[in-house]
>>> print(open('upload24.cif').read())   # mmCIF, C-alpha atoms
data_structure
loop_
_atom_site.label_atom_id
_atom_site.label_comp_id
_atom_site.auth_asym_id
_atom_site.auth_seq_id
_atom_site.Cartn_x
_atom_site.Cartn_y
_atom_site.Cartn_z
CA MET A 264 25.82 -15.43 12.95
CA PRO A 265 23.09 -15.28 10.24
CA PHE A 266 20.27 -12.79 10.80
CA SER A 267 16.71 -14.13 10.38
CA LEU A 268 13.55 -12.08 9.84
CA ALA A 269 9.96 -13.36 10.02
CA VAL A 270 7.47 -11.34 7.94
CA ILE A 271 3.89 -12.06 9.00
CA VAL A 272 0.73 -11.22 7.04
CA ASN A 273 -2.77 -12.12 8.24
CA LYS A 274 -5.10 -12.80 5.32
CA ASP A 275 -7.56 -15.34 4.04
CA GLY A 276 -5.66 -17.89 1.99
CA SER A 277 -1.91 -18.25 1.86
CA GLU A 278 -1.02 -16.42 -1.35
CA LEU A 279 -0.15 -12.77 -1.83
CA GLY A 280 -1.70 -11.03 -4.80
CA ASP A 281 0.52 -9.79 -7.61
CA SER A 282 -0.63 -6.25 -6.83
CA GLU A 283 0.74 -6.45 -3.26
CA THR A 284 4.17 -5.44 -4.52
CA PHE A 285 5.29 -3.89 -1.23
CA LEU A 286 4.65 -7.15 0.66
CA HIS A 287 6.57 -9.17 -1.93
CA ALA A 288 9.41 -6.66 -1.62
CA HIS A 289 9.50 -6.91 2.18
CA ILE A 290 9.69 -10.69 1.95
CA ASN A 291 12.09 -11.14 -0.94
CA ARG A 292 14.43 -8.18 -1.00
CA MET A 293 15.86 -7.94 2.49
CA PRO A 294 19.60 -8.71 2.79
CA CYS A 295 19.01 -11.49 5.32
CA LYS A 296 17.27 -14.83 5.81
CA VAL A 297 13.51 -14.22 5.55
CA TYR A 298 10.58 -16.48 6.42
CA SER A 299 7.08 -15.42 5.40
CA LEU A 300 4.09 -16.57 7.45
CA ILE A 301 0.87 -15.94 5.55
CA GLY A 302 -2.63 -16.84 6.66
CA ASN A 303 -4.65 -16.31 9.81
CA PRO A 304 -4.29 -17.40 13.43
CA GLY A 305 -4.93 -21.13 13.46
CA PHE A 306 -3.44 -21.70 10.03
CA ARG A 307 -0.30 -19.99 8.81
CA VAL A 308 1.68 -21.26 5.86
CA VAL A 309 5.40 -20.70 6.32
CA ARG A 310 7.67 -20.19 3.35
CA ASP A 311 11.38 -19.69 2.98
CA GLY A 312 11.18 -16.35 1.21
CA SER A 313 14.87 -15.71 0.70
CA LYS A 314 16.67 -13.03 -1.25
CA GLY A 315 16.89 -13.48 -5.00
CA ARG A 316 13.63 -15.28 -5.76
CA ASN A 317 11.06 -13.89 -8.17
CA ARG A 318 8.90 -11.52 -6.16
CA PHE A 319 5.68 -12.49 -7.95
CA LEU A 320 6.11 -16.29 -8.00
CA VAL A 321 7.90 -16.94 -4.75
CA SER A 322 4.70 -17.63 -2.82
CA ARG A 323 3.74 -20.33 -5.31
CA GLU A 324 7.15 -21.87 -5.86
CA ILE A 325 8.24 -22.74 -2.33
CA VAL A 326 6.97 -25.85 -0.60
CA PRO A 327 5.13 -24.85 2.61
CA LEU A 328 6.90 -25.76 5.83
CA GLY A 329 3.68 -25.07 7.70
CA ILE A 330 2.37 -23.97 11.07
CA ARG A 331 -1.00 -25.54 11.83
CA CYS A 332 -3.05 -25.20 14.99
CA ILE A 333 -5.86 -27.67 15.75
CA MET A 334 -8.90 -25.48 16.25
CA ARG A 335 -10.22 -26.83 19.54
CA HIS A 336 -12.19 -24.45 21.72
CA THR A 337 -11.48 -26.25 24.96
CA LEU A 338 -10.52 -24.39 28.13
CA GLY A 339 -7.17 -22.70 27.62
CA GLN A 340 -6.90 -24.00 24.05
CA THR A 341 -8.39 -21.21 21.97
CA VAL A 342 -7.15 -20.73 18.46
CA ALA A 343 -5.31 -17.58 19.60
CA ASN A 344 -3.54 -19.48 22.39
CA GLN A 345 -2.53 -22.32 20.09
CA ASP A 346 -1.34 -19.87 17.47
CA THR A 347 0.81 -18.06 20.03
CA LYS A 348 2.39 -21.32 21.23
CA ALA A 349 3.06 -22.44 17.65
CA LEU A 350 4.65 -19.09 16.81
CA VAL A 351 6.92 -19.20 19.87
CA ARG A 352 8.10 -22.70 18.92
CA PHE A 353 8.73 -21.56 15.36
CA PHE A 354 10.61 -18.40 16.39
CA ASN A 355 12.86 -20.40 18.71
CA LYS A 356 13.45 -23.24 16.25
CA LYS A 357 14.38 -20.91 13.38
CA LEU A 358 16.37 -18.51 15.57
CA ILE A 359 14.29 -15.54 14.45
CA ASN A 360 15.93 -12.23 15.34
CA VAL A 361 13.10 -9.81 14.43
CA VAL A 362 9.42 -10.12 13.50
CA LEU A 363 7.90 -7.71 10.97
CA ALA A 364 4.08 -7.74 11.21
CA GLU A 365 2.27 -6.21 8.24
CA TYR A 366 -0.82 -4.20 9.36
CA GLY A 367 -1.87 -3.38 12.90
CA PRO A 368 -4.31 -6.29 13.45
CA THR A 369 -1.62 -8.75 12.36
CA ALA A 370 0.78 -7.23 14.87
CA VAL A 371 -1.83 -7.55 17.61
CA SER A 372 -2.30 -11.24 16.78
CA VAL A 373 1.44 -12.00 17.16
CA MET A 374 2.50 -9.56 19.88
CA GLU A 375 2.11 -12.06 22.73
CA ALA A 376 4.24 -14.62 20.92
CA CYS A 377 6.95 -12.01 20.40
CA ARG A 378 6.80 -11.03 24.06
CA LEU A 379 7.05 -14.64 25.24
CA ALA A 380 9.90 -15.41 22.83
CA ASN A 381 11.61 -12.11 23.71
CA ILE A 382 11.91 -11.18 20.03
CA PRO A 383 11.68 -7.55 18.81
CA LEU A 384 8.43 -6.80 16.98
CA ILE A 385 8.12 -4.18 14.24
CA SER A 386 4.48 -3.18 13.71
CA HIS A 387 3.99 -1.90 10.17
CA PHE A 388 0.83 0.14 9.55
CA HIS A 389 -0.44 0.81 6.03
CA GLY A 390 -3.83 2.57 6.00
CA TYR A 391 -7.18 1.35 7.28
CA ASP A 392 -5.46 -0.16 10.33
CA ALA A 393 -4.57 3.33 11.57
CA TYR A 394 -7.77 5.14 10.62
CA ARG A 395 -10.95 3.06 10.32
CA GLU A 396 -13.07 4.20 13.24
CA SER A 397 -14.73 0.86 14.02
CA LEU A 398 -11.37 -0.93 14.00
CA ILE A 399 -9.72 1.70 16.17
CA GLN A 400 -12.56 1.38 18.67
CA ASP A 401 -12.38 -2.42 18.75
CA LEU A 402 -8.59 -2.47 19.10
CA SER A 403 -8.18 0.52 21.40
CA GLN A 404 -6.79 -1.47 24.33
CA PRO A 405 -4.88 -4.07 22.23
CA TYR A 406 -3.21 -1.23 20.33
CA LYS A 407 -1.99 0.32 23.59
CA LYS A 408 -0.40 -3.00 24.55
CA LEU A 409 1.00 -3.37 21.02
CA PHE A 410 2.62 0.05 21.14
CA ASP A 411 4.25 -0.86 24.45
CA ILE A 412 5.55 -4.23 23.19
CA SER A 413 6.71 -3.05 19.76
CA ALA A 414 10.37 -2.25 19.28
CA ALA A 415 9.44 -0.03 16.30
CA ILE A 416 6.24 1.20 14.67
CA VAL A 417 6.24 2.11 10.97
CA GLY A 418 3.75 4.42 9.25
CA VAL A 419 3.68 5.05 5.51
CA SER A 420 2.80 8.76 5.75
CA ARG A 421 3.62 11.59 8.10
CA HIS A 422 -0.09 12.03 8.80
CA MET A 423 -0.30 8.35 9.75
CA CYS A 424 2.71 8.63 12.05
CA ASN A 425 1.00 11.50 13.86
CA GLN A 426 -2.20 9.46 14.03
CA LEU A 427 -0.34 6.55 15.64
CA VAL A 428 1.11 8.90 18.24
CA ASP A 429 -2.39 10.22 18.92
CA LEU A 430 -3.52 6.61 19.41
CA GLY A 431 -0.86 6.14 22.10
CA ALA A 432 2.39 5.22 20.35
CA ASP A 433 5.66 6.58 21.71
CA ARG A 434 6.87 9.09 19.13
CA ASN A 435 10.43 7.86 19.62
CA LYS A 436 9.36 4.42 18.33
CA VAL A 437 7.49 5.72 15.27
CA PHE A 438 9.24 5.75 11.87
CA HIS A 439 8.00 7.27 8.61
CA ASN A 440 8.67 5.07 5.59
CA PRO A 441 6.40 5.04 2.53
CA CYS A 442 6.31 1.90 0.41
CA GLY A 443 8.23 2.66 -2.77
CA ALA A 444 7.55 2.54 -6.48
CA GLU A 445 8.66 -0.29 -8.75
CA ILE A 446 9.99 1.51 -11.81
CA PRO A 447 11.26 -0.40 -14.87
CA ASP A 448 14.61 0.65 -16.30
CA LYS A 449 13.47 1.17 -19.90
CA LEU A 450 9.83 2.15 -19.67
CA GLY A 451 8.58 5.70 -19.33
CA ALA A 452 5.48 7.67 -20.21
CA THR A 453 5.19 9.31 -23.61
CA LEU A 454 2.44 11.69 -22.42
CA SER A 455 -0.02 10.90 -25.17
CA THR A 456 -2.05 13.96 -26.13
CA SER A 457 -4.17 12.56 -28.95
CA PRO A 458 -6.37 11.36 -27.55
CA ALA A 459 -5.84 12.64 -24.02
CA ARG A 460 -5.54 9.47 -21.93
CA PHE A 461 -6.23 9.61 -18.21
CA PHE A 462 -5.42 6.66 -15.99
CA MET A 463 -6.51 5.40 -12.56
CA VAL A 464 -5.45 2.26 -10.70
CA GLY A 465 -6.51 0.79 -7.37
CA ARG A 466 -9.39 -0.87 -5.58
CA LEU A 467 -12.64 0.96 -6.14
CA VAL A 468 -13.41 1.79 -2.54
CA GLU A 469 -14.73 4.83 -0.69
CA LYS A 470 -11.36 6.32 0.27
CA LYS A 471 -10.36 6.52 -3.39
CA ALA A 472 -13.66 8.30 -4.24
CA PRO A 473 -13.88 7.07 -7.85
CA PHE A 474 -17.24 8.86 -8.22
CA ILE A 475 -15.50 12.22 -7.87
CA SER A 476 -12.98 11.34 -10.59
CA LEU A 477 -15.82 10.28 -12.89
CA LEU A 478 -17.69 13.53 -12.26
CA ALA A 479 -14.56 15.55 -13.04
CA PHE A 480 -13.86 13.51 -16.16
CA SER A 481 -17.43 13.96 -17.40
CA ARG A 482 -16.89 17.73 -17.29
CA LEU A 483 -13.61 17.32 -19.16
CA VAL A 484 -15.26 15.36 -21.97
CA SER A 485 -17.39 18.41 -22.73
CA ASP A 486 -14.17 20.34 -23.51
CA VAL A 487 -12.07 17.45 -24.83
CA PRO A 488 -14.48 15.08 -26.62
CA ASP A 489 -11.80 12.54 -27.54
CA ALA A 490 -10.49 12.17 -23.96
CA VAL A 491 -10.47 8.65 -22.53
CA LEU A 492 -10.15 7.31 -19.00
CA GLU A 493 -8.91 3.83 -18.11
CA ILE A 494 -9.70 2.50 -14.63
CA VAL A 495 -7.71 -0.56 -13.56
CA GLY A 496 -8.95 -2.33 -10.47
CA ASP A 497 -11.93 -4.05 -8.93
CA GLY A 498 -13.76 -3.39 -5.71
CA PRO A 499 -17.18 -2.94 -4.14
CA LEU A 500 -17.88 0.32 -5.99
CA LYS A 501 -17.12 -0.96 -9.50
CA SER A 502 -20.72 -1.67 -10.55
CA SER A 503 -21.90 1.67 -9.16
CA CYS A 504 -19.10 3.44 -11.04
CA MET A 505 -20.13 1.76 -14.27
CA GLN A 506 -23.71 2.88 -13.70
CA LEU A 507 -22.61 6.43 -12.98
CA ALA A 508 -20.49 6.53 -16.14
CA ARG A 509 -23.53 5.47 -18.14
CA ALA A 510 -25.78 8.02 -16.42
CA LEU A 511 -23.23 10.75 -17.18
CA GLY A 512 -23.09 9.71 -20.83
CA ILE A 513 -19.37 8.90 -20.73
CA ASP A 514 -19.52 5.09 -20.70
CA ASN A 515 -18.07 5.09 -24.24
CA ARG A 516 -15.09 7.15 -22.98
CA VAL A 517 -14.34 5.16 -19.81
CA MET A 518 -12.72 1.72 -19.83
CA PHE A 519 -13.20 -0.42 -16.73
CA THR A 520 -10.35 -2.87 -17.19
CA GLY A 521 -10.62 -4.71 -13.86
CA ALA A 522 -7.69 -6.04 -11.86
CA LYS A 523 -4.54 -6.50 -13.93
CA PRO A 524 -0.94 -7.62 -13.32
CA HIS A 525 1.66 -5.04 -12.39
CA ASP A 526 3.32 -5.19 -15.81
CA TYR A 527 0.03 -4.24 -17.46
CA VAL A 528 -0.33 -1.25 -15.13
CA LEU A 529 3.12 0.05 -16.05
CA GLN A 530 2.50 -0.45 -19.77
CA SER A 531 -0.79 1.46 -19.53
CA MET A 532 0.89 4.25 -17.60
CA ALA A 533 3.45 4.51 -20.39
CA LYS A 534 0.64 5.34 -22.85
CA ALA A 535 -1.16 7.85 -20.61
CA THR A 536 -1.32 11.63 -20.52
CA CYS A 537 -2.04 12.00 -16.82
CA PHE A 538 -2.63 9.91 -13.70
CA ILE A 539 -5.56 10.83 -11.46
CA GLN A 540 -6.52 9.73 -7.95
CA HIS A 541 -9.09 11.54 -5.84
CA SER A 542 -8.30 10.14 -2.38
CA VAL A 543 -10.48 11.28 0.52
CA MET A 544 -11.28 10.44 4.11
CA ALA A 545 -14.04 7.84 3.77
CA PRO A 546 -17.24 8.07 5.83
CA ASP A 547 -15.88 5.36 8.17
CA GLY A 548 -12.69 7.37 8.80
CA ASP A 549 -10.50 5.26 6.51
CA MET A 550 -7.65 7.07 4.77
CA GLU A 551 -4.77 6.38 2.43
CA GLY A 552 -1.18 6.02 3.52
CA THR A 553 1.06 6.98 0.60
CA PRO A 554 -0.53 5.34 -2.47
CA VAL A 555 1.95 3.28 -4.45
CA GLY A 556 -0.02 4.00 -7.64
CA VAL A 557 0.72 7.71 -7.26
CA LEU A 558 4.43 7.02 -6.73
CA GLU A 559 4.62 4.66 -9.71
CA ALA A 560 2.89 7.17 -11.99
CA MET A 561 5.32 9.87 -10.88
CA GLY A 562 8.21 7.47 -11.40
CA MET A 563 7.01 6.81 -14.93
CA GLY A 564 7.16 10.54 -15.65
CA LEU A 565 3.42 11.21 -15.56
CA PRO A 566 1.91 14.40 -14.19
CA VAL A 567 -0.44 13.49 -11.34
CA VAL A 568 -3.69 15.16 -10.34
CA SER A 569 -4.65 14.12 -6.83
CA THR A 570 -5.82 15.48 -3.48
CA ARG A 571 -4.40 17.10 -0.36
CA HIS A 572 -4.70 13.86 1.54
CA GLY A 573 -2.53 11.67 3.75
CA GLY A 574 0.89 10.82 2.39
CA ILE A 575 0.13 12.21 -1.07
CA GLN A 576 1.16 15.57 0.35
CA ASP A 577 4.49 14.04 1.45
CA VAL A 578 5.53 13.06 -2.06
CA ILE A 579 3.92 15.66 -4.34
CA GLU A 580 5.16 19.23 -4.29
CA GLU A 581 2.16 21.25 -5.39
CA ASP A 582 2.36 22.62 -8.93
CA ILE A 583 5.96 21.39 -9.16
CA THR A 584 5.70 17.59 -9.30
CA GLY A 585 1.91 17.34 -9.46
CA VAL A 586 -1.39 19.12 -8.94
CA LEU A 587 -3.36 18.74 -5.71
CA VAL A 588 -6.95 19.77 -5.03
CA ASP A 589 -9.14 19.67 -1.96
CA GLU A 590 -11.01 16.47 -1.14
CA TYR A 591 -14.45 16.19 -2.79
CA ASP A 592 -13.80 19.21 -5.05
CA ALA A 593 -14.81 17.79 -8.43
CA GLU A 594 -14.73 21.24 -10.05
CA ALA A 595 -11.08 21.79 -9.08
CA MET A 596 -10.26 18.25 -10.27
CA TYR A 597 -11.80 19.02 -13.65
CA ASN A 598 -9.90 22.32 -13.94
CA ALA A 599 -6.61 20.60 -13.11
CA MET A 600 -7.20 17.87 -15.68
CA ARG A 601 -8.13 20.44 -18.32
CA GLU A 602 -4.92 22.40 -17.65
CA ILE A 603 -2.87 19.23 -18.13
CA VAL A 604 -4.41 18.76 -21.58
CA ARG A 605 -4.09 22.40 -22.54
CA GLY A 606 -0.48 22.73 -21.39
CA PRO A 607 1.45 19.71 -22.66
CA GLU A 608 4.86 21.37 -22.20
CA ARG A 609 4.12 22.21 -18.56
CA ALA A 610 2.72 18.70 -18.05
CA GLN A 611 5.91 17.21 -19.47
CA GLU A 612 8.08 19.34 -17.19
CA MET A 613 5.95 18.36 -14.21
CA GLY A 614 6.26 14.69 -15.13
CA ASN A 615 10.02 14.99 -15.49
CA ARG A 616 10.33 16.63 -12.06
CA ALA A 617 8.05 13.99 -10.54
CA GLN A 618 10.19 11.21 -11.97
CA ALA A 619 13.37 12.79 -10.62
CA ALA A 620 11.80 13.13 -7.15
CA VAL A 621 10.75 9.48 -7.05
CA LEU A 622 14.13 8.23 -8.25
CA ALA A 623 15.81 10.34 -5.58
CA GLN A 624 13.59 9.36 -2.64
CA TRP A 625 10.62 7.10 -3.26
CA THR A 626 11.70 3.97 -5.13
CA SER A 627 11.11 0.50 -3.72
CA GLU A 628 14.87 0.12 -3.26
CA LYS A 629 15.05 3.24 -1.08
CA SER A 630 12.01 2.15 0.93
CA ILE A 631 13.53 -1.29 1.54
CA SER A 632 16.82 0.32 2.56
CA ARG A 633 15.06 2.52 5.12
CA LEU A 634 13.07 -0.44 6.46
CA TRP A 635 16.22 -2.57 6.70
CA THR A 636 17.82 0.16 8.82
CA ILE A 637 14.81 0.04 11.17
CA ILE A 638 15.04 -3.77 11.31
CA GLN A 639 18.75 -3.64 12.10
CA GLN A 640 18.17 -1.18 14.93
CA ALA A 641 15.36 -3.32 16.35
CA GLY A 642 17.56 -6.42 16.16
CA GLY A 643 20.54 -4.75 17.76
CA LEU A 644 22.75 -4.78 14.67
CA SER A 645 23.33 -1.06 14.62
#
>>> encode(input="upload24.cif", output="structure tokens")
Amino acid sequence: MPFSLAVIVNKDGSELGDSETFLHAHINRMPCKVYSLIGNPGFRVVRDGSKGRNRFLVSREIVPLGIRCIMRHTLGQTVANQDTKALVRFFNKKLINVVLAEYGPTAVSVMEACRLANIPLISHFHGYDAYRESLIQDLSQPYKKLFDISAAIVGVSRHMCNQLVDLGADRNKVFHNPCGAEIPDKLGATLSTSPARFFMVGRLVEKKAPFISLLAFSRLVSDVPDAVLEIVGDGPLKSSCMQLARALGIDNRVMFTGAKPHDYVLQSMAKATCFIQHSVMAPDGDMEGTPVGVLEAMGMGLPVVSTRHGGIQDVIEEDITGVLVDEYDAEAMYNAMREIVRGPERAQEMGNRAQAAVLAQWTSEKSISRLWTIIQQAGGLS
């Protein structure tokens, strides 16, 4: 009998961004029938996201089948109630075996439907949903119910898995599985040294502390005047970062490229000397899981300078496959970046070891394989 998986993502709109590579992979690369339900309670677009379709275009190519709830706020007919009823009908009609809910709040929004339909729910946590203090406070009781209902709970870092246990999850239900890197077959970094090219990618938000990276880079420019830094990504801190770069006198050495397709990111990594990411615990408690950008840079053969933070410590062996510094230590970040420039042979060796580690453990294929094992166990196939 065919096995069917429903992957659910709550978000405004019904399209996944090209940068959400791990969500595309979860929808399109499982060895089973997959339906994706993208949107918010009250309006979820359903797509037949089956194996073999282009992971970037699938959400635009398939005609929506649709789940729509009429948003009437009459007694007993809240949007949440209607959404639950619609989901139960859909699960039963399509003979769904397992539901994979991406992010904790999404899992909360569908847990009642899974309970009523008696379908195993896998709650997949990724970052803010396990750490942001205001969210944890608001969802304290719903999370306890979610942990009880869930057949499996996935965290993308060991630190996150421990956090979920601290929040009330049964450790026996919690699985560690970082999202993996998408590495092209014929594209690798050349470790450009003239000029020294540093590269960052990701949303410019507090937990990525782009200000610290800019401060460290400004120190480096004093020693390496031709050094350049490319920052790919948008976010609420972009304008402030541009102002800081100007105030530091490095605006002519820093390129703010904005959000770019995944292919562009890999091509830019191939021209870089070093990848940097100064992840920290944000003031609101938010933290990283295991950043895909770090894994992709390692997979491209780049030395990485990052922080002792979250899942970064799971994938980088200090001074072997990358350099880690303490959070908020701009001076140590600068020293690490300077050593990368001054020691190109060591940087190359570090990049080579990083690439080997990713290919052995942290590719998207290996992540999907581990998640598929969890799905099979939840669905009673193994």
>>> resolve_selection(input="upload24.cif", expression="the PyMOL selection byres ((chain A and resi 359) around 9)", output="MDAnalysis selection string")
chainID A and resid 266:269 298 353:358 360:362 382
>>> closest_atom_pairs(input="upload24.cif", of="region 372-392 of chain A", to="region 410-421 of chain A", cutoff="8 Å", atoms="all atoms listed in the file", output="JSON lines")
{"residue": "A:Met374", "atom": "CA", "partner": "A:Ile412", "partner_atom": "CA", "distance": 7.0}
{"residue": "A:Arg378", "atom": "CA", "partner": "A:Ile412", "partner_atom": "CA", "distance": 7.0}
{"residue": "A:Pro383", "atom": "CA", "partner": "A:Ala414", "partner_atom": "CA", "distance": 5.5}
{"residue": "A:Leu384", "atom": "CA", "partner": "A:Ser413", "partner_atom": "CA", "distance": 5.0}
{"residue": "A:Ile385", "atom": "CA", "partner": "A:Ala415", "partner_atom": "CA", "distance": 4.8}
{"residue": "A:Ser386", "atom": "CA", "partner": "A:Ile416", "partner_atom": "CA", "distance": 4.8}
{"residue": "A:His387", "atom": "CA", "partner": "A:Val417", "partner_atom": "CA", "distance": 4.7}
{"residue": "A:Phe388", "atom": "CA", "partner": "A:Gly418", "partner_atom": "CA", "distance": 5.2}
{"residue": "A:His389", "atom": "CA", "partner": "A:Val419", "partner_atom": "CA", "distance": 5.9}
{"residue": "A:Gly390", "atom": "CA", "partner": "A:Val419", "partner_atom": "CA", "distance": 7.9}
>>> closest_atom_pairs(input="upload24.cif", of="region 547-568 of chain A", to="region 432-442 of chain A", cutoff="12 Å", atoms="all atoms listed in the file", output="JSON lines")
{"residue": "A:Glu551", "atom": "CA", "partner": "A:Pro441", "partner_atom": "CA", "distance": 11.3}
{"residue": "A:Gly552", "atom": "CA", "partner": "A:Pro441", "partner_atom": "CA", "distance": 7.7}
{"residue": "A:Thr553", "atom": "CA", "partner": "A:Pro441", "partner_atom": "CA", "distance": 6.0}
{"residue": "A:Pro554", "atom": "CA", "partner": "A:Cys442", "partner_atom": "CA", "distance": 8.2}
{"residue": "A:Val555", "atom": "CA", "partner": "A:Cys442", "partner_atom": "CA", "distance": 6.7}
{"residue": "A:Gly556", "atom": "CA", "partner": "A:Cys442", "partner_atom": "CA", "distance": 10.5}
{"residue": "A:Val557", "atom": "CA", "partner": "A:Cys442", "partner_atom": "CA", "distance": 11.1}
{"residue": "A:Leu558", "atom": "CA", "partner": "A:Cys442", "partner_atom": "CA", "distance": 9.0}
{"residue": "A:Glu559", "atom": "CA", "partner": "A:Cys442", "partner_atom": "CA", "distance": 10.6}
>>> atom_distance(input="upload24.cif", atom1="CA of Pro294 (chain A)", atom2="CA of Gly280 (chain A)")
22.7 Å
>>> atom_distance(input="upload24.cif", atom1="CA of Lys408 (chain A)", atom2="CA of Val297 (chain A)")
26.1 Å
>>> closest_residue(input="upload24.cif", among="A:Leu477, A:Val373, A:Ala393, A:Ala595", to="Leu507 (chain A)", atoms="all atoms listed in the file")
A:Leu477
>>> resolve_selection(input="upload24.cif", expression="the PyMOL selection byres ((chain A and resi 371) around 9)", output="MDAnalysis selection string")
chainID A and resid 364 366:370 372:375 386 402 405:406 408:409
>>> residues_around(input="upload24.cif", residues="Val586 (chain A)", least_positions_apart="5", cutoff="8 Å", atoms="all atoms listed in the file", output="PyMOL selection string")
chain A and resi 566-570+579+581+599
>>> resolve_selection(input="upload24.cif", expression="the PyMOL selection byres ((chain A and resi 535) around 12)", output="PyMOL selection string")
chain A and resi 451-463+490-494+528-534+536-539+560-561+563-567+603-604+610-611+614
>>> atom_distance(input="upload24.cif", atom1="CA of Leu622 (chain A)", atom2="CA of Glu283 (chain A)")
20.5 Å
>>> residues_around(input="upload24.cif", residues="region 515-525 of chain A", least_positions_apart="5", cutoff="9 Å", atoms="only C-alpha atoms", output="ChimeraX atom specification")
/A:281-282,284,464-466,477,484,488-498,501,505,508-509,530
>>> write_last_selection(input="upload24.cif", atoms="C-alpha atoms", output="PDB file, keeping the file's coordinate frame")
ATOM      1  CA  ASP A 281       0.520  -9.790  -7.610  1.00  0.00           C
ATOM      2  CA  SER A 282      -0.630  -6.250  -6.830  1.00  0.00           C
ATOM      3  CA  THR A 284       4.170  -5.440  -4.520  1.00  0.00           C
ATOM      4  CA  VAL A 464      -5.450   2.260 -10.700  1.00  0.00           C
ATOM      5  CA  GLY A 465      -6.510   0.790  -7.370  1.00  0.00           C
ATOM      6  CA  ARG A 466      -9.390  -0.870  -5.580  1.00  0.00           C
ATOM      7  CA  LEU A 477     -15.820  10.280 -12.890  1.00  0.00           C
ATOM      8  CA  VAL A 484     -15.260  15.360 -21.970  1.00  0.00           C
ATOM      9  CA  PRO A 488     -14.480  15.080 -26.620  1.00  0.00           C
ATOM     10  CA  ASP A 489     -11.800  12.540 -27.540  1.00  0.00           C
ATOM     11  CA  ALA A 490     -10.490  12.170 -23.960  1.00  0.00           C
ATOM     12  CA  VAL A 491     -10.470   8.650 -22.530  1.00  0.00           C
ATOM     13  CA  LEU A 492     -10.150   7.310 -19.000  1.00  0.00           C
ATOM     14  CA  GLU A 493      -8.910   3.830 -18.110  1.00  0.00           C
ATOM     15  CA  ILE A 494      -9.700   2.500 -14.630  1.00  0.00           C
ATOM     16  CA  VAL A 495      -7.710  -0.560 -13.560  1.00  0.00           C
ATOM     17  CA  GLY A 496      -8.950  -2.330 -10.470  1.00  0.00           C
ATOM     18  CA  ASP A 497     -11.930  -4.050  -8.930  1.00  0.00           C
ATOM     19  CA  GLY A 498     -13.760  -3.390  -5.710  1.00  0.00           C
ATOM     20  CA  LYS A 501     -17.120  -0.960  -9.500  1.00  0.00           C
ATOM     21  CA  MET A 505     -20.130   1.760 -14.270  1.00  0.00           C
ATOM     22  CA  ALA A 508     -20.490   6.530 -16.140  1.00  0.00           C
ATOM     23  CA  ARG A 509     -23.530   5.470 -18.140  1.00  0.00           C
ATOM     24  CA  GLN A 530       2.500  -0.450 -19.770  1.00  0.00           C
TER      25      GLN A 530
END
>>> closest_residue(input="upload24.cif", among="A:Val621, A:Leu430, A:Leu398, A:Val270", to="Cys295 (chain A)", atoms="only C-alpha atoms")
A:Val270
>>> closest_residue(input="upload24.cif", among="A:Asp346, A:Glu365, A:Glu602, A:Asp311", to="Asn273 (chain A)", atoms="all atoms listed in the file")
A:Glu365
>>> closest_residue(input="upload24.cif", among="A:Leu279, A:Ala349, A:Ile290, A:Val543", to="Pro304 (chain A)", atoms="only C-alpha atoms")
A:Ala349
>>> closest_residue(input="upload24.cif", among="A:Lys629, A:Gly562, A:Gln639, A:Gln540", to="Leu587 (chain A)", atoms="all atoms listed in the file")
A:Gln540
>>> closest_residue(input="upload24.cif", among="A:Glu580, A:Asp275, A:Glu594, A:Asp401", to="Met613 (chain A)", atoms="all atoms listed in the file")
A:Glu580
>>> build_atoms(input="upload24.cif", residues="region 552-560 of chain A", atoms="N, CA and C atoms", output="compact mmCIF listing (two decimals), in the frame of the given file")
# COMPACT_ATOMS: atom_id res chain seq x y z
N GLY A 552 -2.51 5.74 3.02
CA GLY A 552 -1.18 6.02 3.52
C GLY A 552 -0.50 6.90 2.48
N THR A 553 0.48 6.34 1.78
CA THR A 553 1.06 6.98 0.60
C THR A 553 0.82 6.03 -0.56
N PRO A 554 -0.14 6.30 -1.43
CA PRO A 554 -0.53 5.34 -2.47
C PRO A 554 0.62 5.00 -3.41
N VAL A 555 0.87 3.72 -3.56
CA VAL A 555 1.95 3.28 -4.45
C VAL A 555 1.64 3.66 -5.89
N GLY A 556 0.35 3.62 -6.27
CA GLY A 556 -0.02 4.00 -7.64
C GLY A 556 0.42 5.41 -7.98
N VAL A 557 0.27 6.32 -7.05
CA VAL A 557 0.72 7.71 -7.26
C VAL A 557 2.23 7.75 -7.46
N LEU A 558 2.97 7.03 -6.62
CA LEU A 558 4.43 7.02 -6.73
C LEU A 558 4.88 6.40 -8.05
N GLU A 559 4.22 5.31 -8.46
CA GLU A 559 4.62 4.66 -9.71
C GLU A 559 4.33 5.56 -10.91
N ALA A 560 3.20 6.25 -10.90
CA ALA A 560 2.89 7.17 -11.99
C ALA A 560 3.92 8.28 -12.06
